[in-house]
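Structure file data_19.txt (compact mmCIF, C-alpha atoms and all ligand atoms) follows.
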```txt
# COMPACT_ATOMS: atom_id res chain seq x y z
CA MET O 974 20.93 55.25 6.50
CA ILE O 975 18.39 54.41 9.16
CA LYS O 976 15.00 53.23 8.04
CA GLU O 977 12.99 52.82 11.15
CA GLU O 978 10.90 49.67 11.25
CA LYS O 979 9.00 48.56 14.29
CA ILE O 980 9.96 44.94 14.83
CA ILE O 981 7.39 42.98 16.80
CA VAL O 982 7.91 39.66 18.53
CA PHE O 983 5.55 37.09 20.05
CA ASP O 984 5.38 38.75 23.46
CA ASP O 985 4.34 42.07 21.93
CA VAL O 986 1.02 40.78 20.63
CA ILE O 987 -2.12 39.10 21.80
CA VAL O 988 -4.92 37.31 19.97
CA ILE O 989 -8.04 39.49 19.84
CA PRO O 990 -11.03 37.30 20.68
CA SER O 991 -13.73 37.01 18.05
CA LEU O 992 -17.06 35.26 17.49
CA SER O 993 -16.35 31.55 17.41
CA PRO O 994 -18.42 29.48 14.99
CA VAL O 995 -17.60 26.15 16.68
CA GLU O 996 -16.59 24.54 19.97
CA PRO O 997 -12.81 24.20 20.46
CA SER O 998 -13.01 20.42 20.09
CA GLN O 999 -14.39 20.93 16.56
CA VAL O 1000 -11.53 23.15 15.38
CA ASP O 1001 -9.83 21.55 12.40
CA LEU O 1002 -6.01 21.79 12.52
CA ARG O 1003 -5.30 20.36 9.08
CA THR O 1004 -2.88 22.43 7.04
CA MET O 1005 -0.64 22.31 3.99
CA VAL O 1006 3.09 22.24 4.75
CA THR O 1007 3.87 22.38 1.04
CA GLY O 1008 1.58 22.78 -1.94
CA ASN O 1009 1.17 18.97 -1.89
CA ILE O 1010 1.52 17.61 1.63
CA GLU O 1011 -1.25 17.96 4.16
CA LEU O 1012 -0.63 17.70 7.90
CA TYR O 1013 -3.22 16.98 10.58
CA VAL O 1014 -1.30 19.10 13.09
CA PRO O 1015 0.77 22.15 12.00
CA LEU O 1016 4.04 20.87 13.46
CA VAL O 1017 7.37 20.38 11.66
CA SER O 1018 10.45 19.24 13.58
CA SER O 1019 13.71 21.15 13.11
CA PRO O 1020 16.53 19.53 11.15
CA MET O 1021 18.93 19.59 14.08
CA ASP O 1022 21.20 16.84 15.32
CA THR O 1023 19.62 16.91 18.77
CA VAL O 1024 16.06 16.92 17.39
CA THR O 1025 15.32 14.92 14.25
CA GLU O 1026 16.50 11.52 13.18
CA HIS O 1027 14.24 8.67 12.08
CA GLN O 1028 12.61 7.96 15.49
CA MET O 1029 11.37 11.54 15.74
CA ALA O 1030 10.31 11.65 12.08
CA VAL O 1031 8.35 8.39 12.30
CA LYS O 1032 6.54 9.34 15.49
CA LEU O 1033 5.76 12.87 14.37
CA ALA O 1034 4.38 11.69 11.01
CA LYS O 1035 2.18 9.19 12.87
CA LEU O 1036 0.99 12.01 15.12
CA GLY O 1037 -0.02 14.13 12.13
CA GLY O 1038 3.06 16.37 11.68
CA ILE O 1039 6.30 15.90 9.75
CA GLY O 1040 9.96 15.55 10.69
CA VAL O 1041 12.95 16.92 8.78
CA ILE O 1042 16.07 14.77 9.07
CA HIS O 1043 19.13 16.90 9.85
CA ARG O 1044 22.19 16.96 7.58
CA ASN O 1045 24.99 16.89 10.09
CA MET O 1046 25.97 13.44 8.82
CA SER O 1047 27.22 11.86 5.62
CA ILE O 1048 24.94 11.76 2.58
CA ASP O 1049 24.60 7.98 2.88
CA ASP O 1050 23.72 8.19 6.56
CA GLN O 1051 21.06 10.80 5.91
CA LEU O 1052 19.63 8.75 3.04
CA HIS O 1053 19.56 5.75 5.36
CA GLN O 1054 17.64 7.77 7.97
CA VAL O 1055 15.07 8.75 5.34
CA ILE O 1056 14.76 5.14 4.17
CA LEU O 1057 14.20 3.98 7.76
CA VAL O 1058 11.18 6.28 7.91
CA LYS O 1059 9.95 5.07 4.54
CA GLU O 1060 10.31 1.43 5.64
CA THR O 1061 8.14 1.93 8.71
CA ASP O 1062 4.55 0.78 8.33
CA THR O 1063 1.87 3.46 8.08
CA THR O 1064 -0.38 2.03 10.77
CA SER O 1065 -1.71 4.59 13.24
CA LEU O 1066 -0.23 4.78 16.73
CA LEU O 1067 -3.50 3.43 18.05
CA GLU O 1068 -3.19 0.34 15.91
CA ASP O 1069 0.46 0.05 16.97
CA ILE O 1070 -0.65 0.13 20.60
CA ALA O 1071 -3.44 -2.38 20.02
CA SER O 1072 -0.98 -4.77 18.40
CA ARG O 1073 1.32 -4.76 21.41
CA GLY O 1074 -0.30 -7.73 23.10
CA ASN O 1075 -3.22 -9.27 24.88
CA ASN O 1076 -3.05 -7.18 27.98
CA ILE O 1077 -4.26 -4.04 26.21
CA ASN O 1078 -7.88 -3.86 25.18
CA LEU O 1079 -8.86 -0.94 23.02
CA HIS O 1080 -12.49 -0.30 22.26
CA LEU O 1081 -13.02 2.12 19.46
CA SER O 1082 -16.49 3.25 18.60
CA GLY O 1083 -16.79 6.31 16.43
CA SER O 1084 -14.43 8.84 17.90
CA ARG O 1085 -14.41 7.25 21.37
CA CYS O 1086 -11.41 5.35 22.60
CA LYS O 1087 -11.84 3.16 25.68
CA LEU O 1088 -8.79 1.49 27.05
CA THR O 1089 -8.20 -1.26 29.56
CA ILE O 1090 -4.74 -2.41 30.44
CA GLU O 1091 -4.54 -5.67 32.33
CA ASP O 1092 -0.93 -5.55 33.38
CA VAL O 1093 0.24 -2.00 33.90
CA GLU O 1094 3.56 -3.22 35.29
CA LEU O 1095 4.64 -4.22 31.80
CA TYR O 1096 4.95 -0.58 30.74
CA ASN O 1097 7.25 2.18 31.84
CA GLN O 1098 5.97 5.66 32.61
CA ASP O 1099 6.71 7.05 29.13
CA GLU O 1100 4.96 4.21 27.36
CA MET O 1101 1.94 4.59 29.60
CA ASP O 1102 1.89 8.35 28.95
CA GLU O 1103 2.08 7.72 25.23
CA ILE O 1104 -0.72 5.17 25.25
CA LEU O 1105 -2.98 7.44 27.30
CA SER O 1106 -2.18 10.53 25.20
CA VAL O 1107 -2.89 8.73 21.94
CA CYS O 1108 -6.16 7.32 23.28
CA ARG O 1109 -7.31 10.71 24.63
CA LEU O 1110 -6.32 12.42 21.38
CA LYS O 1111 -8.33 9.93 19.35
CA SER O 1112 -11.46 10.89 21.29
CA ARG O 1113 -10.87 14.56 20.61
CA TYR O 1114 -9.21 14.97 17.24
CA PRO O 1115 -8.87 12.67 14.20
CA ILE O 1116 -5.11 12.42 13.80
CA LYS O 1117 -3.92 10.18 11.00
CA PRO O 1118 -0.41 9.32 9.82
CA VAL O 1119 0.87 11.79 7.23
CA THR O 1120 1.88 10.11 4.00
CA GLY O 1121 3.57 11.22 0.81
CA LYS O 1122 2.56 10.50 -2.77
CA ASP O 1123 4.30 7.12 -2.48
CA GLY O 1124 1.74 6.19 0.20
CA LEU O 1125 4.53 5.84 2.80
CA LEU O 1126 5.14 7.94 5.90
CA ALA O 1127 6.08 11.48 4.85
CA VAL O 1128 9.49 12.85 5.78
CA GLY O 1129 11.66 15.83 4.94
CA ALA O 1130 15.43 16.06 4.59
CA ALA O 1131 17.61 19.12 5.12
CA VAL O 1132 20.01 20.03 2.32
CA SER O 1133 22.62 22.66 1.68
CA PRO O 1134 21.97 24.59 -1.55
CA PHE O 1135 25.62 23.97 -2.49
CA ASP O 1136 25.65 20.22 -1.89
CA LEU O 1137 24.33 19.05 -5.24
CA ARG O 1138 25.32 15.44 -4.59
CA ARG O 1139 23.19 15.37 -1.45
CA ILE O 1140 20.27 17.00 -3.25
CA LYS O 1141 20.49 14.41 -6.03
CA LYS O 1142 20.67 11.46 -3.67
CA LEU O 1143 17.73 12.52 -1.51
CA ASP O 1144 15.55 13.88 -4.29
CA GLY O 1145 12.51 11.71 -4.92
CA VAL O 1146 13.19 9.67 -1.78
CA ALA O 1147 12.39 12.28 0.86
CA ASP O 1148 9.02 13.92 0.26
CA ILE O 1149 10.40 17.37 0.96
CA LEU O 1150 13.88 18.83 0.56
CA VAL O 1151 14.29 21.63 3.08
CA VAL O 1152 16.95 24.18 2.22
CA ASP O 1153 18.95 24.63 5.38
CA VAL O 1154 20.91 27.88 5.42
CA ALA O 1155 20.73 30.70 7.93
CA HIS O 1156 20.38 33.38 5.22
CA ALA O 1157 18.92 32.09 1.97
CA HIS O 1158 18.52 35.63 0.62
CA ASN O 1159 22.01 35.47 -0.78
CA VAL O 1160 23.01 35.59 -4.46
CA ASN O 1161 25.16 32.50 -4.28
CA VAL O 1162 22.42 30.50 -2.56
CA LEU O 1163 19.82 31.64 -5.09
CA ASN O 1164 22.14 31.03 -8.07
CA SER O 1165 22.97 27.56 -6.88
CA LEU O 1166 19.32 26.70 -6.22
CA SER O 1167 18.13 28.19 -9.49
CA LYS O 1168 20.30 25.69 -11.39
CA VAL O 1169 18.65 22.70 -9.76
CA SER O 1170 15.21 23.72 -8.53
CA ARG O 1171 13.41 23.00 -11.82
CA ASP O 1172 14.56 19.38 -11.85
CA ILE O 1173 13.86 18.61 -8.21
CA GLU O 1174 11.14 15.99 -7.92
CA SER O 1175 10.53 16.27 -4.17
CA ASP O 1176 8.77 19.33 -2.79
CA LEU O 1177 11.16 22.17 -2.02
CA ILE O 1178 10.99 24.40 1.07
CA VAL O 1179 13.35 27.38 0.88
CA GLY O 1180 14.85 29.23 3.85
CA ASN O 1181 15.66 30.73 6.08
CA ILE O 1182 14.45 34.12 5.02
CA GLY O 1183 12.90 36.98 6.95
CA THR O 1184 11.88 39.91 4.77
CA ARG O 1185 9.38 40.86 2.08
CA GLU O 1186 12.21 41.42 -0.41
CA ALA O 1187 13.64 37.99 0.27
CA VAL O 1188 10.30 36.35 -0.56
CA LEU O 1189 9.99 38.37 -3.77
CA ASP O 1190 13.53 37.45 -4.85
CA VAL O 1191 13.18 33.76 -3.97
CA ILE O 1192 9.92 33.45 -5.89
CA ALA O 1193 11.28 35.44 -8.86
CA LYS O 1194 14.52 33.51 -9.10
CA LEU O 1195 13.45 29.89 -8.52
CA ASP O 1196 11.28 27.75 -10.77
CA LYS O 1197 10.00 25.77 -7.86
CA VAL O 1198 9.13 26.91 -4.33
CA ASP O 1199 6.69 24.72 -2.41
CA GLY O 1200 7.08 26.42 0.95
CA LEU O 1201 9.06 29.10 2.77
CA ARG O 1202 10.99 28.64 6.02
CA VAL O 1203 10.76 31.97 7.72
CA GLY O 1204 12.52 33.59 10.71
CA ILE O 1205 16.10 34.50 11.49
CA SER O 1206 17.63 34.42 14.94
CA SER O 1207 14.60 33.82 17.15
CA GLY O 1208 15.58 30.22 17.91
CA SER O 1209 16.17 29.33 21.56
CA ILE O 1210 19.76 28.31 20.74
CA CYS O 1211 20.48 31.11 18.27
CA SER O 1212 23.08 33.75 18.90
CA THR O 1213 23.02 35.19 15.35
CA GLY O 1214 21.34 38.42 16.46
CA GLU O 1215 23.69 38.86 19.36
CA VAL O 1216 26.84 38.03 17.41
CA THR O 1217 26.07 39.79 14.11
CA GLY O 1218 23.47 42.40 15.04
CA ALA O 1219 21.18 41.01 12.32
CA ALA O 1220 17.83 39.32 12.89
CA ALA O 1221 14.34 38.87 11.48
CA PRO O 1222 12.34 37.68 14.50
CA THR O 1223 9.89 34.96 13.55
CA LEU O 1224 6.56 36.73 14.04
CA TRP O 1225 7.72 39.83 12.15
CA ALA O 1226 9.25 37.65 9.42
CA VAL O 1227 5.94 35.81 8.97
CA ILE O 1228 4.07 39.11 8.65
CA LYS O 1229 6.56 40.32 6.02
CA ALA O 1230 6.46 37.02 4.11
CA ARG O 1231 2.70 37.13 4.08
CA GLU O 1232 2.72 40.71 2.76
CA ALA O 1233 4.95 39.65 -0.13
CA LEU O 1234 2.92 36.52 -0.91
CA GLU O 1235 -0.29 38.54 -0.86
CA GLU O 1236 1.24 40.99 -3.34
CA LEU O 1237 1.97 38.03 -5.59
CA GLY O 1238 -1.43 36.43 -5.04
CA LEU O 1239 0.33 33.41 -3.53
CA HIS O 1240 -0.59 33.52 0.14
CA GLY O 1241 -2.20 30.20 0.99
CA LYS O 1242 -0.64 28.63 -2.10
CA VAL O 1243 2.98 28.77 -0.95
CA PRO O 1244 2.88 27.83 2.75
CA ILE O 1245 4.85 29.85 5.30
CA ILE O 1246 6.57 27.79 7.99
CA ALA O 1247 7.36 29.92 11.05
CA ASP O 1248 10.74 28.77 12.34
CA GLY O 1249 12.46 29.67 15.62
CA GLY O 1250 11.45 30.84 19.06
CA ILE O 1251 8.19 28.90 19.35
CA ARG O 1252 7.98 28.36 23.12
CA SER O 1253 4.36 27.43 23.59
CA PRO O 1254 1.11 26.74 21.73
CA ALA O 1255 0.29 30.45 22.19
CA ASP O 1256 3.25 31.31 19.92
CA ILE O 1257 1.90 28.81 17.38
CA VAL O 1258 -1.54 30.46 17.44
CA LYS O 1259 0.08 33.88 16.93
CA SER O 1260 2.19 32.54 14.03
CA LEU O 1261 -0.87 31.07 12.34
CA ILE O 1262 -2.88 34.27 12.70
CA ALA O 1263 0.07 36.21 11.28
CA GLY O 1264 -0.17 34.06 8.16
CA ALA O 1265 1.83 30.88 8.72
CA SER O 1266 0.54 27.46 7.73
CA ALA O 1267 2.75 25.53 10.15
CA VAL O 1268 5.57 26.03 12.62
CA MET O 1269 8.98 24.43 12.90
CA VAL O 1270 10.04 23.53 16.43
CA GLY O 1271 13.31 22.46 18.02
CA ARG O 1272 13.29 23.35 21.71
CA MET O 1273 9.65 22.32 22.19
CA ILE O 1274 10.38 18.67 21.36
CA ALA O 1275 14.13 18.38 22.03
CA GLY O 1276 13.44 16.95 25.50
CA THR O 1277 11.20 14.12 24.30
CA ARG O 1278 12.00 10.44 24.27
CA GLU O 1279 12.08 10.53 20.44
CA SER O 1280 14.89 13.09 20.07
CA PRO O 1281 18.28 11.56 19.24
CA SER O 1282 20.26 12.96 22.17
CA GLN O 1283 21.22 11.01 25.28
CA LEU O 1284 19.49 11.35 28.63
CA ILE O 1285 21.70 13.14 31.13
CA SER O 1286 21.17 13.14 34.87
CA VAL O 1287 22.25 16.32 36.67
CA GLY O 1288 21.64 16.96 40.36
CA GLY O 1289 18.56 14.79 40.60
CA GLY O 1290 17.01 16.12 37.35
CA VAL O 1291 16.89 14.35 33.99
CA TYR O 1292 17.76 16.30 30.85
CA LYS O 1293 18.61 16.01 27.18
CA GLN O 1294 21.24 17.97 25.35
CA TYR O 1295 20.00 20.59 22.88
CA ARG O 1296 22.37 22.56 20.68
CA GLY O 1297 22.29 25.03 17.79
CA MET O 1298 23.57 23.71 14.48
CA ALA O 1299 26.12 26.54 14.52
CA SER O 1300 27.22 25.83 18.09
CA PRO O 1301 30.87 24.84 18.54
CA SER O 1302 30.14 21.19 19.34
CA SER O 1303 27.76 20.76 16.40
CA THR O 1304 30.09 22.34 13.84
CA ARG O 1305 32.87 20.01 15.00
CA ARG O 1306 30.85 17.34 13.19
CA ARG O 1307 31.80 18.98 9.92
CA TYR O 1308 28.73 18.34 7.76
CA ALA O 1309 26.52 21.27 8.83
CA VAL O 1310 29.26 23.87 8.74
CA ASP O 1311 28.04 25.69 5.64
CA ARG O 1312 24.64 26.48 7.16
CA TYR O 1313 26.39 29.43 8.74
CA GLY O 1314 28.77 30.28 5.90
CA GLY O 1315 31.40 27.56 6.33
CA ASN O 1316 34.90 28.84 6.04
CA VAL O 1317 33.75 32.37 5.43
CA LYS O 1318 32.27 32.89 8.86
CA LYS O 1319 34.57 32.24 11.74
CA VAL O 1320 32.15 33.16 14.49
CA SER O 1321 29.83 30.82 16.28
CA GLU O 1322 26.14 31.68 15.87
CA GLY O 1323 24.66 29.04 18.12
CA VAL O 1324 24.77 27.90 21.70
CA GLU O 1325 24.16 24.63 23.49
CA GLY O 1326 22.54 23.59 26.72
CA LEU O 1327 20.22 21.14 28.42
CA VAL O 1328 16.44 20.88 28.30
CA PRO O 1329 14.38 18.98 30.87
CA TYR O 1330 13.36 15.50 29.77
CA SER O 1331 9.70 15.74 28.76
CA GLY O 1332 8.61 12.12 28.12
CA SER O 1333 6.75 10.99 25.01
CA LEU O 1334 6.30 13.16 21.91
CA ALA O 1335 2.64 12.13 21.96
CA SER O 1336 2.09 13.96 25.25
CA VAL O 1337 3.61 17.16 23.80
CA VAL O 1338 1.48 16.87 20.65
CA GLU O 1339 -1.63 16.22 22.76
CA HIS O 1340 -1.01 19.43 24.70
CA VAL O 1341 -0.38 21.36 21.47
CA VAL O 1342 -3.59 20.07 19.85
CA TYR O 1343 -5.86 21.03 22.78
CA SER O 1344 -4.21 24.42 23.18
CA LEU O 1345 -4.37 25.24 19.46
CA GLN O 1346 -8.01 24.26 19.29
CA ALA O 1347 -8.73 26.52 22.27
CA GLY O 1348 -6.59 29.36 20.85
CA LEU O 1349 -8.19 29.24 17.41
CA GLY O 1350 -11.56 29.05 19.15
CA TYR O 1351 -10.87 32.38 20.87
CA ALA O 1352 -9.72 33.80 17.54
CA GLY O 1353 -13.06 32.81 16.00
CA ALA O 1354 -11.43 30.38 13.57
CA ALA O 1355 -12.77 26.93 12.78
CA ARG O 1356 -9.76 26.16 10.56
CA ILE O 1357 -6.22 27.45 10.09
CA ARG O 1358 -7.23 29.32 6.94
CA ASP O 1359 -9.83 31.18 8.97
CA ALA O 1360 -7.15 32.11 11.52
CA TRP O 1361 -5.47 34.22 8.80
CA LYS O 1362 -8.50 36.53 9.03
CA ALA O 1363 -8.24 36.87 12.82
CA ARG O 1364 -6.53 39.83 14.47
CA LEU O 1365 -3.49 40.31 16.66
CA GLY O 1366 -3.36 43.33 18.97
CA LEU O 1367 -0.23 45.19 20.08
CA LEU O 1368 0.21 45.15 23.86
CA SER O 1369 1.28 48.09 25.98
CA GLU O 1370 3.91 47.42 28.67
CA SER O 1371 1.25 47.47 31.39
CA ALA O 1372 -1.02 45.16 29.39
CA LYS O 1373 1.86 42.65 29.13
CA LYS O 1374 1.95 42.50 32.93
CA GLU O 1375 -1.79 42.39 33.44
CA ILE O 1376 -2.51 39.42 31.17
CA LYS O 1377 -0.13 37.15 33.10
CA PRO O 1378 -0.88 35.66 36.53
CA HIS O 1379 -0.12 38.36 39.09
CA ASP O 1380 -0.49 39.47 42.69
CA LEU O 1381 -0.21 35.99 44.12
CA VAL O 1382 2.20 34.44 46.55
CA THR O 1383 3.25 31.16 44.94
P1 LIG W 1401 13.73 26.73 18.62
O1 LIG W 1401 13.42 28.04 19.27
O2 LIG W 1401 12.51 25.94 18.27
O3 LIG W 1401 14.47 27.11 17.25
O4 LIG W 1401 14.67 25.93 19.46
C1 LIG W 1401 14.89 26.14 16.32
C2 LIG W 1401 15.39 26.81 15.06
O5 LIG W 1401 16.59 27.56 15.31
C3 LIG W 1401 17.39 27.63 14.12
N1 LIG W 1401 18.76 27.21 14.46
C4 LIG W 1401 19.76 28.08 14.69
N2 LIG W 1401 19.81 29.42 14.60
N3 LIG W 1401 22.09 29.36 15.30
C5 LIG W 1401 20.99 30.06 14.88
O6 LIG W 1401 21.08 31.30 14.78
C6 LIG W 1401 22.10 28.01 15.41
O7 LIG W 1401 23.09 27.41 15.79
C7 LIG W 1401 20.88 27.33 15.08
N4 LIG W 1401 20.55 26.02 15.05
C8 LIG W 1401 19.24 25.98 14.66
C9 LIG W 1401 16.73 26.71 13.10
O8 LIG W 1401 16.01 27.51 12.20
C10 LIG W 1401 15.83 25.86 13.97
O9 LIG W 1401 14.73 25.31 13.26
```
Can the structure in the file be given as C-alpha cells, please?
Amino acid sequence: MIKEEKIIVFDDVIVIPSLSPVEPSQVDLRTMVTGNIELYVPLVSSPMDTVTEHQMAVKLAKLGGIGVIHRNMSIDDQLHQVILVKETDTTSLLEDIASRGNNINLHLSGSRCKLTIEDVELYNQDEMDEILSVCRLKSRYPIKPVTGKDGLLAVGAAVSPFDLRRIKKLDGVADILVVDVAHAHNVNVLNSLSKVSRDIESDLIVGNIGTREAVLDVIAKLDKVDGLRVGISSGSICSTGEVTGAAAPTLWAVIKAREALEELGLHGKVPIIADGGIRSPADIVKSLIAGASAVMVGRMIAGTRESPSQLISVGGGVYKQYRGMASPSSTRRRYAVDRYGGNVKKVSEGVEGLVPYSGSLASVVEHVVYSLQAGLGYAGAARIRDAWKARLGLLSESAKKEIKPHDLVT
C-alpha cells in the first residue's frame, strides 16, 4: 500500500521573517535538553568515536552545550571518560584563560571583556583563536558552564538498550543516558528499555525515532522519557536511506515528533533533539522553529581540535577523520555493533571520510551563537520557546535558486 506523505528536508524550507521584539544580541539561547538540564547553547555532540570523548565533552559543557560520550569502547573505558569530565573543575573558560599566566590580562566589567596579551608568541594559532572567541562571546552572550545536579560539569553517555551492565554502571554517574540505536521504534528495544527505565536515576533520552507513532509508542511504553533523539538517516555519514530505502529526515521527523507531543500535551516538557544532517546554523534555526529544543551535531564539530581523531595531512590540507558508527572501520571496534542491529544486519549503514581541520571548538560555537541569535531575530523570537511559534515556508524550485548568491563570477 502506498500512503503518500510529502517528506520535507532542510533545503525545502525557509524561515518566514516576523516582527522581532529584541535586537539579535539580546536573543536568549537557553534551552532544556532534558526535563532537568538547561543548556546555554542548544548544542549536543554526537556519541561517535570521531566526535565525543572527554576533551570534547568538557569543552562543550564549558561553552554552554553538552557532550555525549560514545560507546564504542569497553564499559570501564566509557565510565572512565565520564569520570574525567566529572573530575574537571567547573570554572568558566574565561577564568581558565585568565589563570594561564601573567602575560594575559583580562578586564571584565559587566558584559565587556577586554584582553591584552603581552607575549603572543607563547600561543599557537588555535589557542589564540580560542582565547579571542571566548572573550568576544563573553561580550555578546552570557555563556556559563553547564552543570548537573551534582554541581559538576554535565555529560551524557551513549548506551545500548540491550547492554544492561553498561546502563547500570553509568547510571547516576553520567547526567544523561542517551539510548543509541538507529531504530528505537522496535519491540525488542522498547521491551528491554521498559524493564529498566523506571529505575534509571540519570535522565534518559530515547532514540533514534522519526515518526509520530514512534513517539506515541515510546511515551506509552516507558515510565521515563526525558528527551527524544529524532531523525533517521540524515547524518552526513549515514547510508541507511541509500542501503535500506528507509529514512525519516531530521526536519520532517522533528515536525512529526512535535505533532505527537502536542497531542499528548507534552511539547516543551519532553525536549526534542534534532539529530543528523545539521550543516549550518540555518539548519539549527529551522530545527528549532519546527519544534526542537536542541540539535545533535557530528560533522559540524568533527574537525575541531577537541574531537578525538588524529590530524591528517593530505596534499597540503589538514583534516580529521570522521566516520559513521556503522561504517566498516567503526564496527571493527566491536562495541557499537548493535546500534545497527548487530549480527542481524550484515550491511553497512555508514561511511567514512575526512573533514577539514577547523581549529578550536570555541570558534565554531561562537559562529553558531551569533548566527542563531540573528536567525531567531528574523523569526521574531526572543527565546527558543518563542521560535516554536515562528513559521517555516515551503520553497519552490526557483525560490531555492533565488535566495542563494547568484549571477556573480567568483
Ligand atoms: P551529522 O550530519 O551531524 O550526523 O554528521 C550525525 C548523526 O548521524 C547518526 N549516525 C549514523 N547514521 N549510519 C547512520 O545511518 C552511521 O554509521 C551513523 N553514525 C552516526 C547519529 O545519529 C549522529 O548523531
Do you have, as a Markdown table, the list of residues of stretch 1248-1300 of chain O lying at most 8 Å from stretch 1012-1027 of chain O, each with its nearest atom pair and that distance in Å to one decimal, counting all atoms listed in the file and ordered by chain then number?
```
| residue | atom | partner | partner_atom | distance |
| --- | --- | --- | --- | --- |
| O:Ser1266 | CA | O:Pro1015 | CA | 6.8 |
| O:Ala1267 | CA | O:Pro1015 | CA | 4.3 |
| O:Val1268 | CA | O:Leu1016 | CA | 5.4 |
| O:Met1269 | CA | O:Val1017 | CA | 4.5 |
| O:Val1270 | CA | O:Ser1018 | CA | 5.2 |
| O:Gly1271 | CA | O:Ser1019 | CA | 5.1 |
| O:Ile1274 | CA | O:Val1024 | CA | 7.1 |
| O:Ala1275 | CA | O:Val1024 | CA | 5.2 |
| O:Ser1280 | CA | O:Val1024 | CA | 4.8 |
| O:Pro1281 | CA | O:Thr1023 | CA | 5.5 |
| O:Ser1282 | CA | O:Thr1023 | CA | 5.3 |
| O:Gln1294 | CA | O:Thr1023 | CA | 6.9 |
| O:Tyr1295 | CA | O:Thr1023 | CA | 5.5 |
| O:Arg1296 | CA | O:Thr1023 | CA | 6.6 |
| O:Gly1297 | CA | O:Met1021 | CA | 7.4 |
| O:Met1298 | CA | O:Met1021 | CA | 6.2 |
```
Tell me which of O:Val995, O:Val1107, O:Leu1095, O:Leu1143 sits closest to O:Gln1054, counting only C-alpha atoms.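 Comparing O:Val995, O:Val1107, O:Leu1095, O:Leu1143 against O:Gln1054, the winner is O:Leu1143.
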Could the residues of chain O that have an atom at most 7 Å from ligand LIG 1401 (chain W) be listed as a tab-separated table, each with its closest atom pair and the distance in Å to one decimal, counting all atoms listed in the file and ordered by chain and ascending residue number?
```
residue	atom	partner	partner_atom	distance
O:Ser1019	CA	W:LIG1401	O9	4.3
O:Pro1020	CA	W:LIG1401	O9	6.4
O:Met1021	CA	W:LIG1401	C8	6.4
O:Ala1155	CA	W:LIG1401	N2	6.9
O:Asn1181	CA	W:LIG1401	O8	6.9
O:Ile1205	CA	W:LIG1401	O6	6.8
O:Ser1206	CA	W:LIG1401	O6	4.7
O:Ser1207	CA	W:LIG1401	O1	6.3
O:Gly1208	CA	W:LIG1401	O1	3.4
O:Ser1209	CA	W:LIG1401	O1	3.8
O:Ile1210	CA	W:LIG1401	O4	5.8
O:Cys1211	CA	W:LIG1401	O6	3.5
O:Ser1212	CA	W:LIG1401	O6	5.2
O:Thr1213	CA	W:LIG1401	O6	4.4
O:Asp1248	CA	W:LIG1401	O9	5.4
O:Gly1249	CA	W:LIG1401	O3	3.6
O:Gly1250	CA	W:LIG1401	O1	3.4
O:Ile1251	CA	W:LIG1401	O1	5.3
O:Arg1252	CA	W:LIG1401	O1	6.7
O:Met1269	CA	W:LIG1401	O9	5.8
O:Val1270	CA	W:LIG1401	O2	3.9
O:Gly1271	CA	W:LIG1401	O2	3.6
O:Arg1272	CA	W:LIG1401	O4	3.7
O:Met1273	CA	W:LIG1401	O2	6.1
O:Arg1296	CA	W:LIG1401	N4	6.9
O:Gly1297	CA	W:LIG1401	O7	3.2
O:Met1298	CA	W:LIG1401	N4	3.8
O:Ala1299	CA	W:LIG1401	O7	3.4
O:Ser1300	CA	W:LIG1401	O7	5.0
O:Glu1322	CA	W:LIG1401	N3	4.7
O:Gly1323	CA	W:LIG1401	O7	3.2
O:Val1324	CA	W:LIG1401	O7	6.2
```
Shell of 7 Å around stretch 1232-1240 of chain O, all atoms listed in the file, local chain residues under 2 positions omitted, as a PyMOL selection string: chain O and resi 1185+1188-1189+1228-1230+1242-1243
When you draw a straight line from atom CA of O:Gly1038 to atom CA of O:Thr1120, how long is it in Å?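 We find that atom CA of O:Gly1038 and atom CA of O:Thr1120 lie 10.0 Å from each other.
Shortest separation to O:Ile1257 among O:Val1342, O:Leu1381, O:Ser1072, O:Arg1085 occurs at residue O:Val1342, atoms counted being only C-alpha atoms.
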Of O:Val1058, O:Ala1034, O:Leu1201, O:Val982, the one nearest to O:Val1006 when counting all atoms listed in the file is O:Leu1201
Using atom CA of O:Asp1092 and atom CA of O:Leu1066 as the two end points, give the distance in Å to one decimal.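 Distance reported for this atom pair: 19.6 Å.
You can rank O:Asp1099, O:Asp1196, O:Glu1091, O:Asp1050 by their closest distance to O:Ala1130 using all atoms listed in the file, and at the top of that list sits O:Asp1050.
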Grab all the atoms of stretch 1122-1126 of chain O that the file lists, wrap them in a box along x, y and z, add 4 Å per side, and give me centre plus edge lengths in Å (one decimal) as lines of an AutoDock Vina configuration file.
```
center_x = 3.4
center_y = 8.2
center_z = 1.6
size_x = 11.4
size_y = 12.7
size_z = 16.7
```
List the spatial neighbours of O:Ala1147 as a list in words - criterion: any atom at most 9 Å away, only C-alpha atoms, same-chain residues fewer than 6 positions off excluded. Leu1052, Val1055, Ile1056, Lys1059, Gly1121, Ala1127, Val1128, Gly1129, Ala1130, Ser1175 and Asp1176 of chain O
